[in-house]
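Undergrad: File follows, coords_26.tsv with TSV, C-alpha atoms:
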```tsv
chain	number	residue	atom	x	y	z
A	265	MET	CA	108.77	78.31	-155.05
A	266	SER	CA	109.83	81.41	-153.11
A	267	PRO	CA	112.38	81.02	-150.29
A	268	ARG	CA	109.73	82.04	-147.75
A	269	ILE	CA	107.29	79.34	-148.82
A	270	PHE	CA	110.04	76.76	-148.99
A	271	SER	CA	111.15	77.59	-145.44
A	272	LEU	CA	107.58	77.26	-144.16
A	273	VAL	CA	107.08	73.87	-145.79
A	274	PHE	CA	110.43	72.68	-144.47
A	275	ILE	CA	109.51	73.68	-140.93
A	276	LEU	CA	106.10	72.04	-141.18
A	277	CYS	CA	107.57	68.87	-142.62
A	278	CYS	CA	110.05	68.71	-139.77
A	279	MET	CA	107.29	69.00	-137.19
A	280	VAL	CA	106.72	65.25	-137.29
A	281	GLU	CA	109.21	62.44	-137.18
A	282	PRO	CA	108.74	58.66	-136.95
A	283	SER	CA	109.14	57.12	-133.53
A	284	PRO	CA	110.73	53.69	-132.97
A	285	SER	CA	107.31	52.21	-132.28
A	286	GLY	CA	106.06	53.23	-135.70
A	287	VAL	CA	103.81	55.99	-134.32
A	288	THR	CA	104.54	59.49	-135.50
A	289	ALA	CA	105.87	61.84	-132.83
A	290	TRP	CA	105.98	65.57	-133.25
A	291	ALA	CA	109.33	67.29	-133.43
A	292	GLY	CA	110.67	68.33	-130.07
A	293	GLU	CA	109.06	65.26	-128.49
A	294	SER	CA	111.80	62.76	-129.30
A	295	ALA	CA	113.04	63.07	-125.73
A	296	THR	CA	109.57	63.34	-124.22
A	297	PRO	CA	107.82	60.42	-122.50
A	298	THR	CA	105.80	58.02	-124.63
A	299	TYR	CA	102.68	56.47	-123.14
A	300	SER	CA	100.63	53.47	-124.12
A	301	LEU	CA	96.89	53.28	-123.50
A	302	THR	CA	97.48	51.14	-120.42
A	303	ASP	CA	99.87	53.72	-118.96
A	304	ILE	CA	97.42	56.56	-119.55
A	305	LEU	CA	94.53	54.63	-118.00
A	306	ALA	CA	96.61	53.98	-114.88
A	307	LEU	CA	97.52	57.67	-114.61
A	308	ALA	CA	93.90	58.70	-115.02
A	309	VAL	CA	92.76	56.37	-112.24
A	310	GLU	CA	95.54	57.59	-109.97
A	311	HIS	CA	95.13	61.34	-110.49
A	312	SER	CA	91.52	61.95	-111.55
A	313	PRO	CA	89.72	64.36	-109.18
A	314	THR	CA	86.36	62.97	-110.32
A	315	LEU	CA	87.31	59.50	-109.14
A	316	ALA	CA	88.72	60.91	-105.92
A	317	GLY	CA	85.39	62.64	-105.29
A	318	ALA	CA	83.51	59.37	-105.79
A	319	GLU	CA	85.87	57.66	-103.35
A	320	GLY	CA	85.11	60.43	-100.86
A	321	LEU	CA	81.40	59.66	-101.16
A	322	VAL	CA	82.11	56.01	-100.34
A	323	LYS	CA	83.98	57.05	-97.20
A	324	GLN	CA	81.15	59.39	-96.32
A	325	SER	CA	78.60	56.59	-96.65
A	326	HIS	CA	80.70	54.36	-94.38
A	327	GLY	CA	80.63	57.11	-91.79
A	328	GLN	CA	76.86	57.37	-92.10
A	329	ARG	CA	76.58	53.62	-91.55
A	330	ILE	CA	78.60	53.95	-88.34
A	331	THR	CA	76.29	56.74	-87.25
A	332	ALA	CA	73.22	54.62	-88.02
A	333	GLY	CA	74.50	51.83	-85.77
A	334	ALA	CA	75.29	54.06	-82.80
A	335	TYR	CA	73.27	53.83	-79.58
A	336	PRO	CA	71.85	56.95	-77.89
A	337	ASN	CA	74.16	58.30	-75.22
A	338	PRO	CA	72.93	58.61	-71.62
A	339	SER	CA	72.77	61.95	-69.90
A	340	ILE	CA	73.59	62.76	-66.29
A	341	SER	CA	72.89	65.91	-64.33
A	342	GLY	CA	73.52	66.99	-60.74
A	343	SER	CA	73.17	69.88	-58.40
A	344	ALA	CA	74.48	70.56	-54.90
A	345	GLY	CA	74.36	73.32	-52.26
A	346	PRO	CA	74.26	73.96	-48.48
A	347	GLY	CA	71.00	73.23	-46.67
A	348	ALA	CA	69.71	73.30	-43.06
A	349	ILE	CA	66.58	72.61	-41.02
A	350	ARG	CA	65.19	75.89	-39.65
A	351	ASP	CA	64.23	74.38	-36.29
A	352	PRO	CA	66.97	75.64	-33.89
A	353	SER	CA	66.59	72.60	-31.66
A	354	THR	CA	68.07	70.30	-34.27
A	355	GLY	CA	70.76	72.44	-35.86
A	356	VAL	CA	71.15	70.06	-38.82
A	357	ARG	CA	73.24	71.50	-41.65
A	358	ILE	CA	74.32	69.38	-44.66
A	359	THR	CA	75.29	69.76	-48.32
A	360	GLU	CA	72.13	68.95	-50.24
A	361	ARG	CA	72.58	67.20	-53.60
A	362	THR	CA	70.58	65.79	-56.47
A	363	ILE	CA	71.85	63.42	-59.19
A	364	SER	CA	69.77	62.37	-62.22
A	365	VAL	CA	70.61	59.78	-64.88
A	366	GLU	CA	68.62	59.36	-68.11
A	367	GLN	CA	69.06	56.72	-70.83
A	368	PRO	CA	66.99	56.94	-74.04
A	369	LEU	CA	65.82	53.59	-75.42
A	370	GLU	CA	65.28	53.58	-79.18
A	371	TRP	CA	62.46	51.67	-80.80
A	372	PRO	CA	64.04	48.51	-82.37
A	373	GLY	CA	62.15	48.81	-85.67
A	374	LYS	CA	63.40	52.35	-86.19
A	375	ARG	CA	66.97	51.40	-85.48
A	376	GLN	CA	66.84	48.43	-87.88
A	377	ALA	CA	65.32	50.50	-90.70
A	378	ARG	CA	67.97	53.20	-90.26
A	379	GLN	CA	70.79	50.65	-90.40
A	380	GLU	CA	69.38	48.96	-93.50
A	381	ALA	CA	69.05	52.35	-95.20
A	382	ALA	CA	72.68	53.12	-94.34
A	383	ASN	CA	73.82	49.74	-95.70
A	384	ALA	CA	71.98	50.43	-98.95
A	385	GLY	CA	73.68	53.83	-99.02
A	386	VAL	CA	77.11	52.21	-98.79
A	387	ALA	CA	76.25	49.83	-101.65
A	388	GLU	CA	74.91	52.76	-103.71
A	389	ALA	CA	78.10	54.77	-103.18
A	390	SER	CA	80.27	51.78	-104.10
A	391	ALA	CA	78.28	51.25	-107.30
A	392	ALA	CA	78.55	54.97	-108.06
A	393	LEU	CA	82.33	54.74	-107.64
A	394	GLU	CA	82.46	51.82	-110.06
A	395	ALA	CA	80.26	53.69	-112.56
A	396	THR	CA	82.48	56.77	-112.28
A	397	ARG	CA	85.57	54.68	-112.88
A	398	LEU	CA	83.91	53.03	-115.88
A	399	ALA	CA	82.99	56.43	-117.37
A	400	LEU	CA	86.48	57.80	-116.76
A	401	LEU	CA	88.20	54.88	-118.48
A	402	ALA	CA	85.82	55.16	-121.44
A	403	ASP	CA	86.48	58.90	-121.77
A	404	VAL	CA	90.24	58.29	-121.68
A	405	LYS	CA	90.00	55.62	-124.38
A	406	VAL	CA	87.88	57.87	-126.61
A	407	ALA	CA	90.37	60.72	-126.16
A	408	PHE	CA	93.27	58.33	-126.88
A	409	TYR	CA	91.77	57.18	-130.18
A	410	SER	CA	90.96	60.79	-131.06
A	411	VAL	CA	94.63	61.62	-130.64
A	412	LEU	CA	95.56	58.67	-132.85
A	413	PHE	CA	93.23	59.94	-135.56
A	414	ALA	CA	94.51	63.52	-135.26
A	415	GLN	CA	98.04	62.17	-135.50
A	416	ARG	CA	97.19	60.25	-138.67
A	417	ASP	CA	95.53	63.35	-140.10
A	418	ALA	CA	98.73	65.32	-139.53
A	419	GLU	CA	100.84	62.60	-141.17
A	420	LEU	CA	98.62	62.63	-144.27
A	421	ALA	CA	98.78	66.41	-144.43
A	422	ILE	CA	102.59	66.30	-144.39
A	423	GLN	CA	102.61	63.62	-147.09
A	424	ASN	CA	100.23	65.69	-149.18
A	425	VAL	CA	102.60	68.67	-149.04
A	426	ALA	CA	105.44	66.52	-150.37
A	427	MET	CA	103.27	65.14	-153.19
A	428	VAL	CA	101.92	68.50	-154.40
A	429	GLU	CA	105.44	69.92	-154.26
A	430	GLU	CA	106.53	67.12	-156.59
A	431	VAL	CA	103.67	68.07	-158.92
A	432	LEU	CA	104.81	71.69	-158.80
A	433	ARG	CA	108.35	70.70	-159.75
A	434	THR	CA	107.02	68.66	-162.67
A	435	VAL	CA	104.89	71.59	-163.84
A	436	LYS	CA	107.88	73.94	-163.69
A	437	ALA	CA	109.92	71.49	-165.74
A	438	ARG	CA	107.15	71.27	-168.36
A	439	VAL	CA	106.84	75.06	-168.46
A	440	ALA	CA	110.58	75.35	-169.02
A	441	ALA	CA	110.26	72.84	-171.85
A	442	GLY	CA	107.36	74.76	-173.37
A	443	GLU	CA	104.89	71.96	-172.73
A	444	ALA	CA	102.76	73.93	-170.24
A	445	THR	CA	101.83	77.50	-169.43
A	446	SER	CA	102.76	79.65	-166.47
A	447	PHE	CA	99.12	79.48	-165.40
A	448	ASP	CA	99.65	75.81	-164.55
A	449	THR	CA	102.51	76.85	-162.29
A	450	MET	CA	100.19	79.25	-160.48
A	451	LYS	CA	97.55	76.57	-160.00
A	452	ALA	CA	100.12	74.11	-158.65
A	453	GLY	CA	101.48	76.81	-156.32
A	454	VAL	CA	97.99	77.41	-154.97
A	455	GLU	CA	97.67	73.68	-154.24
A	456	VAL	CA	100.94	73.79	-152.31
A	457	GLN	CA	99.70	76.67	-150.18
A	458	LYS	CA	96.42	74.88	-149.51
A	459	ALA	CA	98.36	71.76	-148.48
A	460	GLN	CA	100.47	73.86	-146.09
A	461	LYS	CA	97.30	75.30	-144.58
A	462	GLU	CA	96.02	71.76	-144.01
A	463	VAL	CA	99.21	70.92	-142.12
A	464	ALA	CA	98.66	73.85	-139.77
A	465	ARG	CA	95.02	72.84	-139.27
A	466	ALA	CA	95.92	69.23	-138.55
A	467	TYR	CA	98.63	70.29	-136.12
A	468	ASN	CA	96.20	72.50	-134.19
A	469	ALA	CA	93.66	69.66	-134.08
A	470	LEU	CA	96.33	67.35	-132.70
A	471	LEU	CA	97.24	69.84	-129.97
A	472	VAL	CA	93.58	70.12	-128.96
A	473	ALA	CA	93.16	66.32	-128.84
A	474	LYS	CA	96.31	65.89	-126.76
A	475	THR	CA	95.19	68.63	-124.38
A	476	ARG	CA	91.88	66.84	-123.88
A	477	LEU	CA	93.69	63.58	-123.12
A	478	ASN	CA	96.05	65.33	-120.71
A	479	THR	CA	93.10	66.95	-118.92
A	480	LEU	CA	91.52	63.56	-118.24
A	481	THR	CA	94.71	62.53	-116.39
A	482	ALA	CA	94.69	65.76	-114.36
A	483	GLY	CA	97.76	67.01	-116.25
A	484	SER	CA	99.95	64.04	-115.30
A	485	LEU	CA	101.04	63.49	-118.93
A	486	GLY	CA	102.69	66.89	-119.04
A	487	LYS	CA	102.77	69.56	-121.72
A	488	GLN	CA	104.87	67.48	-124.12
A	489	PHE	CA	104.22	63.78	-124.59
A	490	SER	CA	103.65	61.20	-127.29
A	491	ILE	CA	101.50	58.08	-127.49
A	492	GLN	CA	101.89	54.65	-128.98
A	493	GLY	CA	99.16	52.23	-129.92
A	494	ASP	CA	96.68	51.32	-132.61
A	495	PHE	CA	92.94	51.30	-133.22
A	496	LEU	CA	90.77	48.41	-132.08
A	497	PRO	CA	90.10	45.54	-134.51
A	498	PRO	CA	86.56	44.69	-135.66
A	499	ARG	CA	84.32	42.57	-133.44
A	500	GLN	CA	81.83	40.12	-134.88
A	501	GLY	CA	78.79	38.43	-133.41
A	502	LEU	CA	77.28	41.31	-131.42
A	503	ASP	CA	73.89	40.09	-130.17
A	504	VAL	CA	72.00	43.13	-128.88
A	505	GLU	CA	69.50	41.13	-126.81
A	506	ARG	CA	72.22	39.12	-125.10
A	507	LEU	CA	74.32	42.23	-124.48
A	508	THR	CA	71.32	44.07	-123.04
A	509	ALA	CA	70.52	41.22	-120.65
A	510	GLN	CA	74.17	41.14	-119.62
A	511	ALA	CA	74.17	44.89	-118.97
A	512	PHE	CA	71.01	44.68	-116.85
A	513	GLU	CA	72.77	42.18	-114.60
A	514	GLN	CA	76.17	43.80	-114.20
A	515	HIS	CA	76.11	47.50	-115.04
A	516	PRO	CA	77.12	49.56	-111.97
A	517	ALA	CA	74.83	52.45	-112.93
A	518	LEU	CA	71.80	50.15	-112.67
A	519	ARG	CA	73.05	48.74	-109.39
A	520	ARG	CA	73.46	52.28	-108.11
A	521	VAL	CA	69.87	53.31	-108.88
A	522	ALA	CA	68.60	49.97	-107.55
A	523	LYS	CA	70.37	50.58	-104.23
A	524	LEU	CA	69.09	54.14	-104.26
A	525	ALA	CA	65.54	52.84	-104.56
A	526	GLU	CA	66.21	50.32	-101.80
A	527	GLN	CA	67.57	53.06	-99.56
A	528	ALA	CA	64.47	55.15	-100.21
A	529	GLU	CA	62.26	52.20	-99.29
A	530	HIS	CA	64.08	51.73	-95.98
A	531	THR	CA	63.78	55.45	-95.33
A	532	VAL	CA	60.01	55.23	-95.74
A	533	ARG	CA	59.92	52.41	-93.20
A	534	LEU	CA	62.18	54.43	-90.90
A	535	GLU	CA	59.79	57.37	-90.90
A	536	ARG	CA	56.82	55.10	-90.24
A	537	GLU	CA	58.61	53.39	-87.37
A	538	SER	CA	59.55	56.79	-86.00
A	539	ARG	CA	55.88	57.38	-85.13
A	540	VAL	CA	56.56	55.17	-82.13
A	541	PRO	CA	58.30	57.49	-79.62
A	542	ASN	CA	61.53	56.67	-77.87
A	543	ILE	CA	61.31	55.81	-74.17
A	544	SER	CA	63.75	57.30	-71.70
A	545	VAL	CA	64.59	55.47	-68.45
A	546	GLN	CA	65.33	57.86	-65.59
A	547	GLY	CA	66.94	57.43	-62.18
A	548	ASN	CA	67.24	60.12	-59.47
A	549	TYR	CA	69.04	60.32	-56.16
A	550	HIS	CA	68.13	63.20	-53.83
A	551	ARG	CA	69.62	64.07	-50.43
A	552	GLU	CA	68.51	67.01	-48.35
A	553	ALA	CA	68.40	67.92	-44.72
A	554	GLY	CA	66.13	65.41	-43.06
A	555	ASP	CA	65.34	63.47	-46.26
A	556	GLU	CA	67.03	61.07	-48.70
A	557	SER	CA	65.34	59.46	-51.70
A	558	LEU	CA	66.17	57.19	-54.64
A	559	THR	CA	63.59	57.14	-57.49
A	560	ALA	CA	63.21	55.69	-60.98
A	561	GLY	CA	60.85	56.48	-63.81
A	562	LEU	CA	60.03	56.59	-67.50
A	563	SER	CA	59.67	59.48	-69.93
A	564	VAL	CA	57.37	58.82	-72.92
A	565	PRO	CA	56.56	61.53	-75.50
A	566	LEU	CA	52.93	61.40	-76.61
A	567	PRO	CA	52.45	61.74	-80.40
A	568	LEU	CA	48.98	63.22	-80.13
A	569	TRP	CA	49.04	66.16	-82.56
A	570	TYR	CA	51.70	65.23	-85.08
A	571	ARG	CA	52.65	61.74	-86.25
A	572	ARG	CA	55.38	62.57	-88.84
A	573	GLN	CA	53.00	62.80	-91.78
A	574	GLY	CA	55.28	65.29	-93.55
A	575	GLU	CA	58.41	63.15	-93.18
A	576	ILE	CA	56.57	60.03	-94.38
A	577	GLU	CA	55.22	61.85	-97.43
A	578	THR	CA	58.68	63.21	-98.24
A	579	ALA	CA	60.21	59.72	-98.00
A	580	LEU	CA	57.47	58.30	-100.24
A	581	GLY	CA	58.18	60.99	-102.83
A	582	ALA	CA	61.89	60.10	-102.77
A	583	LYS	CA	60.99	56.44	-103.25
A	584	TYR	CA	58.75	57.15	-106.25
A	585	ARG	CA	61.48	59.29	-107.78
A	586	ALA	CA	64.09	56.56	-107.24
A	587	ASP	CA	61.82	53.96	-108.88
A	588	ALA	CA	61.31	56.26	-111.85
A	589	GLU	CA	65.07	56.88	-112.08
A	590	ARG	CA	65.68	53.15	-112.13
A	591	LEU	CA	63.24	52.62	-114.99
A	592	ARG	CA	64.68	55.58	-116.91
A	593	ALA	CA	68.22	54.25	-116.49
A	594	LYS	CA	67.22	50.84	-117.85
A	595	ASN	CA	65.52	52.38	-120.88
A	596	GLU	CA	68.47	54.66	-121.62
A	597	LEU	CA	70.92	51.81	-121.21
A	598	GLU	CA	68.98	49.61	-123.64
A	599	GLN	CA	68.85	52.47	-126.14
A	600	ALA	CA	72.59	53.15	-125.79
A	601	ILE	CA	73.49	49.48	-126.35
A	602	THR	CA	71.34	49.33	-129.47
A	603	GLN	CA	72.78	52.58	-130.80
A	604	HIS	CA	76.44	51.76	-130.17
A	605	ALA	CA	76.08	48.21	-131.47
A	606	GLN	CA	74.66	49.62	-134.69
A	607	GLU	CA	77.51	52.15	-134.86
A	608	VAL	CA	79.96	49.26	-134.57
A	609	ARG	CA	78.26	47.36	-137.39
A	610	THR	CA	78.16	50.45	-139.62
A	611	ALA	CA	81.84	51.22	-139.02
A	612	GLN	CA	82.80	47.60	-139.72
A	613	ASP	CA	80.83	47.59	-142.98
A	614	GLN	CA	82.53	50.81	-144.06
A	615	LEU	CA	85.91	49.42	-143.05
A	616	GLN	CA	85.34	46.38	-145.21
A	617	VAL	CA	84.54	48.60	-148.21
A	618	PHE	CA	87.83	50.43	-147.78
A	619	GLU	CA	89.93	47.33	-147.25
A	620	THR	CA	88.39	45.25	-150.04
A	621	GLY	CA	88.99	47.68	-152.86
A	622	LEU	CA	88.53	51.38	-152.25
A	623	LEU	CA	92.00	52.01	-150.85
A	624	LYS	CA	93.67	50.08	-153.65
A	625	GLN	CA	91.59	51.78	-156.32
A	626	ALA	CA	92.42	55.27	-155.02
A	627	GLU	CA	96.12	54.42	-154.92
A	628	GLN	CA	96.08	52.96	-158.44
A	629	THR	CA	94.19	55.99	-159.76
A	630	LEU	CA	96.78	58.34	-158.30
A	631	THR	CA	99.67	56.29	-159.68
A	632	VAL	CA	98.16	56.27	-163.17
A	633	ALA	CA	97.40	60.00	-163.03
A	634	ARG	CA	100.91	60.93	-161.89
A	635	THR	CA	102.54	58.71	-164.51
A	636	SER	CA	100.32	60.08	-167.26
A	637	PHE	CA	100.99	63.64	-166.13
A	638	ARG	CA	104.75	63.15	-166.28
A	639	GLN	CA	104.33	61.73	-169.77
A	640	GLY	CA	102.05	64.59	-170.82
A	641	ALA	CA	98.99	62.36	-171.28
A	642	ALA	CA	97.05	63.85	-168.33
A	643	SER	CA	96.30	67.41	-167.35
A	644	LEU	CA	97.30	69.17	-164.13
A	645	LEU	CA	93.68	69.13	-163.02
A	646	ASP	CA	93.54	65.35	-163.41
A	647	VAL	CA	96.53	64.73	-161.19
A	648	LEU	CA	95.41	67.25	-158.55
A	649	ASP	CA	91.96	65.65	-158.42
A	650	ALA	CA	93.49	62.19	-158.08
A	651	GLN	CA	95.75	63.49	-155.33
A	652	ARG	CA	92.82	65.00	-153.42
A	653	VAL	CA	90.75	61.82	-153.79
A	654	TYR	CA	93.63	59.65	-152.57
A	655	ARG	CA	94.28	61.82	-149.50
A	656	GLN	CA	90.57	62.04	-148.72
A	657	THR	CA	90.24	58.27	-149.02
A	658	LEU	CA	93.11	57.66	-146.60
A	659	LEU	CA	91.68	60.24	-144.19
A	660	GLU	CA	88.21	58.71	-144.32
A	661	TYR	CA	89.72	55.27	-143.76
A	662	ALA	CA	91.47	56.55	-140.64
A	663	GLN	CA	88.24	58.20	-139.53
A	664	VAL	CA	86.32	54.93	-139.92
A	665	ARG	CA	88.93	53.07	-137.87
A	666	ALA	CA	88.69	55.75	-135.17
A	667	ASP	CA	84.88	55.63	-135.28
A	668	LEU	CA	84.96	51.86	-134.87
A	669	SER	CA	87.28	52.06	-131.86
A	670	ILE	CA	85.20	54.80	-130.23
A	671	ALA	CA	81.95	52.90	-130.88
A	672	LEU	CA	83.42	49.76	-129.28
A	673	VAL	CA	84.55	51.76	-126.25
A	674	ARG	CA	81.11	53.31	-125.84
A	675	LEU	CA	79.47	49.91	-126.24
A	676	GLU	CA	81.69	48.54	-123.48
A	677	ARG	CA	80.71	51.50	-121.30
A	678	SER	CA	77.04	50.74	-121.91
A	679	LEU	CA	77.63	47.10	-121.00
A	680	GLY	CA	79.52	47.95	-117.85
A	681	ALA	CA	82.31	45.49	-118.69
A	682	PRO	CA	84.68	44.62	-121.57
A	683	LEU	CA	83.21	42.80	-124.54
```
Written as structure tokens, that's how I'd like the structure from this file.
TA:
Amino acid sequence: MSPRIFSLVFILCCMVEPSPSGVTAWAGESATPTYSLTDILALAVEHSPTLAGAEGLVKQSHGQRITAGAYPNPSISGSAGPGAIRDPSTGVRITERTISVEQPLEWPGKRQARQEAANAGVAEASAALEATRLALLADVKVAFYSVLFAQRDAELAIQNVAMVEEVLRTVKARVAAGEATSFDTMKAGVEVQKAQKEVARAYNALLVAKTRLNTLTAGSLGKQFSIQGDFLPPRQGLDVERLTAQAFEQHPALRRVAKLAEQAEHTVRLERESRVPNISVQGNYHREAGDESLTAGLSVPLPLWYRRQGEIETALGAKYRADAERLRAKNELEQAITQHAQEVRTAQDQLQVFETGLLKQAEQTLTVARTSFRQGAASLLDVLDAQRVYRQTLLEYAQVRADLSIALVRLERSLGAPL
């Protein structure tokens, strides 16, 4: 191998190093913070702008509920100025003044409907906050397991470099002994270069996965960090019908659309009650030269030409849309539970195939091929094929474990609660 290629492989091999927890950490990260899944979830909840926005909507809905419960304020007006009787015999001159007080009285049915709509809005915002939190935690878990898989991919790529380098050394020794041709050395050298390229690819994939995880925590993990943890174990006994019924009862997304439909229903009633006009009670005090009066009265708008037909129709349209959204959410949730439960079963079946024989067979095949190659009983192509099959088997096994963990996380998100 040329000095340049050797230096590249050495650098790439030094890019990972085992951490005390047994999880590979990239070089330069030995002094960087290491986070578990629990730590990352806590950071995401604390720093996520998406969650902060949902919390802002909850505060906004509380403010709207306060507004809905407020009473109309009274109004007061007054005027004053000098006045006199024109008859010179009297000579009366006073400061004339007028004071008016008006208090609107809201129709009780309208006030009650507005308050109930506001209460449903608070419940809808709270459910939306819970659904946002559920989605955020699921996204963080998926990104975490993606980083674990990318990390395993990088480890296998580094191991593959070491193994093909050993094959290259064996080929060179056989060429020196006259047992092989220089063409075999070229083929083995090409395999080394391909293995080095796989290391670079795996490293880039790991950086992308870690960036995605860091983004979900609003950058609180920092530029350099490492993780510790493992994939989720298999789960047996997943009853789709029972899980679907459970999700219909507890999922915050369904509660959100249900409260949205309830709010729309109260809004329809509010617009219908608003056809009854508000009454205003008035009181007036008037003092002028030669006269003083105190009067009271009522002000009643007459809904003769327009009785809020447009507002009622708009509210009914919002109610129909909310009912349709509720039905759509239930259908999508049922479909998601069925899909993710099947993904869990498929991943568990594949995992069983790997663990009951495939992994052991690939390892035994590679061991036999390498031993036979050193003894001259197998060709270079045989050992390279066995090496590729072994690495691919390990990579697919890691992919199945990651798929199982991600499917379980997505199933929990569809259920609205942990399994």
Undergrad: With all atoms listed in the file as the basis for distance, which of A:Pro297, A:Gly547, A:Pro372, A:Gly385 is at the shortest distance from Pro338 of chain A?
TA: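 Looking only at the distances to Pro338 of chain A, the closest residue turns out to be A:Gly547.
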Undergrad: Let me make sure I understand: among A:Ala344, A:Ala641, A:Ala588, A:Val532, which one has the smallest atom-to-atom distance to Arg572 of chain A if we use all atoms listed in the file?
TA: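 Looking at the shortest contact to Arg572 of chain A, the residue is A:Val532.
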Undergrad: Compare A:Ser410, A:Ser339, A:Ser446, A:Gln625 by their minimum atom-to-atom distance to Lys474 of chain A, counting only C-alpha atoms, and give me the closest one.
TA: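 Once distances to Lys474 of chain A are computed over only C-alpha atoms, the minimum belongs to A:Ser410.
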Undergrad: Using atom CA of Glu535 of chain A and atom CA of Ile576 of chain A as the two end points, give the distance in Å to one decimal.
TA: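 So the two atoms, atom CA of Glu535 of chain A and atom CA of Ile576 of chain A, lie 5.4 Å apart.
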Undergrad: My list of candidates is A:Arg674, A:Lys374, A:His515, A:Lys461. Which is closest to Ala593 of chain A when distances are computed with all atoms listed in the file?
TA: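 Smallest separation from Ala593 of chain A among the options: A:His515.
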Undergrad: Can you tell me which residues surround Glu380 of chain A at a distance of at most 12 Å, considering all atoms listed in the file, apart from same-chain residues fewer than 4 positions away, and format the answer as a VMD selection string?
TA: chain A and resid 328 to 330 332 to 333 373 to 376 384 to 387 523 to 524 526 to 534
Undergrad: Applying 12 Å and all atoms listed in the file, which residues near Arg585 of chain A remain after dropping the ones on its own chain fewer than 2 positions away? List them as a PDB file with C-alpha atoms, in the frame of the given file.
TA:
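New file result-v5.pdb:
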```pdb
ATOM      1  CA  VAL A 521      69.870  53.310-108.880  1.00  0.00           C
ATOM      2  CA  ALA A 522      68.600  49.970-107.550  1.00  0.00           C
ATOM      3  CA  LEU A 524      69.090  54.140-104.260  1.00  0.00           C
ATOM      4  CA  ALA A 525      65.540  52.840-104.560  1.00  0.00           C
ATOM      5  CA  GLU A 526      66.210  50.320-101.800  1.00  0.00           C
ATOM      6  CA  GLN A 527      67.570  53.060 -99.560  1.00  0.00           C
ATOM      7  CA  ALA A 528      64.470  55.150-100.210  1.00  0.00           C
ATOM      8  CA  GLU A 529      62.260  52.200 -99.290  1.00  0.00           C
ATOM      9  CA  THR A 578      58.680  63.210 -98.240  1.00  0.00           C
ATOM     10  CA  ALA A 579      60.210  59.720 -98.000  1.00  0.00           C
ATOM     11  CA  LEU A 580      57.470  58.300-100.240  1.00  0.00           C
ATOM     12  CA  GLY A 581      58.180  60.990-102.830  1.00  0.00           C
ATOM     13  CA  ALA A 582      61.890  60.100-102.770  1.00  0.00           C
ATOM     14  CA  LYS A 583      60.990  56.440-103.250  1.00  0.00           C
ATOM     15  CA  ASP A 587      61.820  53.960-108.880  1.00  0.00           C
ATOM     16  CA  ALA A 588      61.310  56.260-111.850  1.00  0.00           C
ATOM     17  CA  GLU A 589      65.070  56.880-112.080  1.00  0.00           C
ATOM     18  CA  ARG A 590      65.680  53.150-112.130  1.00  0.00           C
ATOM     19  CA  LEU A 591      63.240  52.620-114.990  1.00  0.00           C
ATOM     20  CA  ARG A 592      64.680  55.580-116.910  1.00  0.00           C
TER      21      ARG A 592
END
```
Undergrad: Of the residues A:Trp371, A:Tyr661, A:Tyr335, A:Phe408, which is the one nearest to Leu305 of chain A, using only C-alpha atoms?
TA: A:Phe408
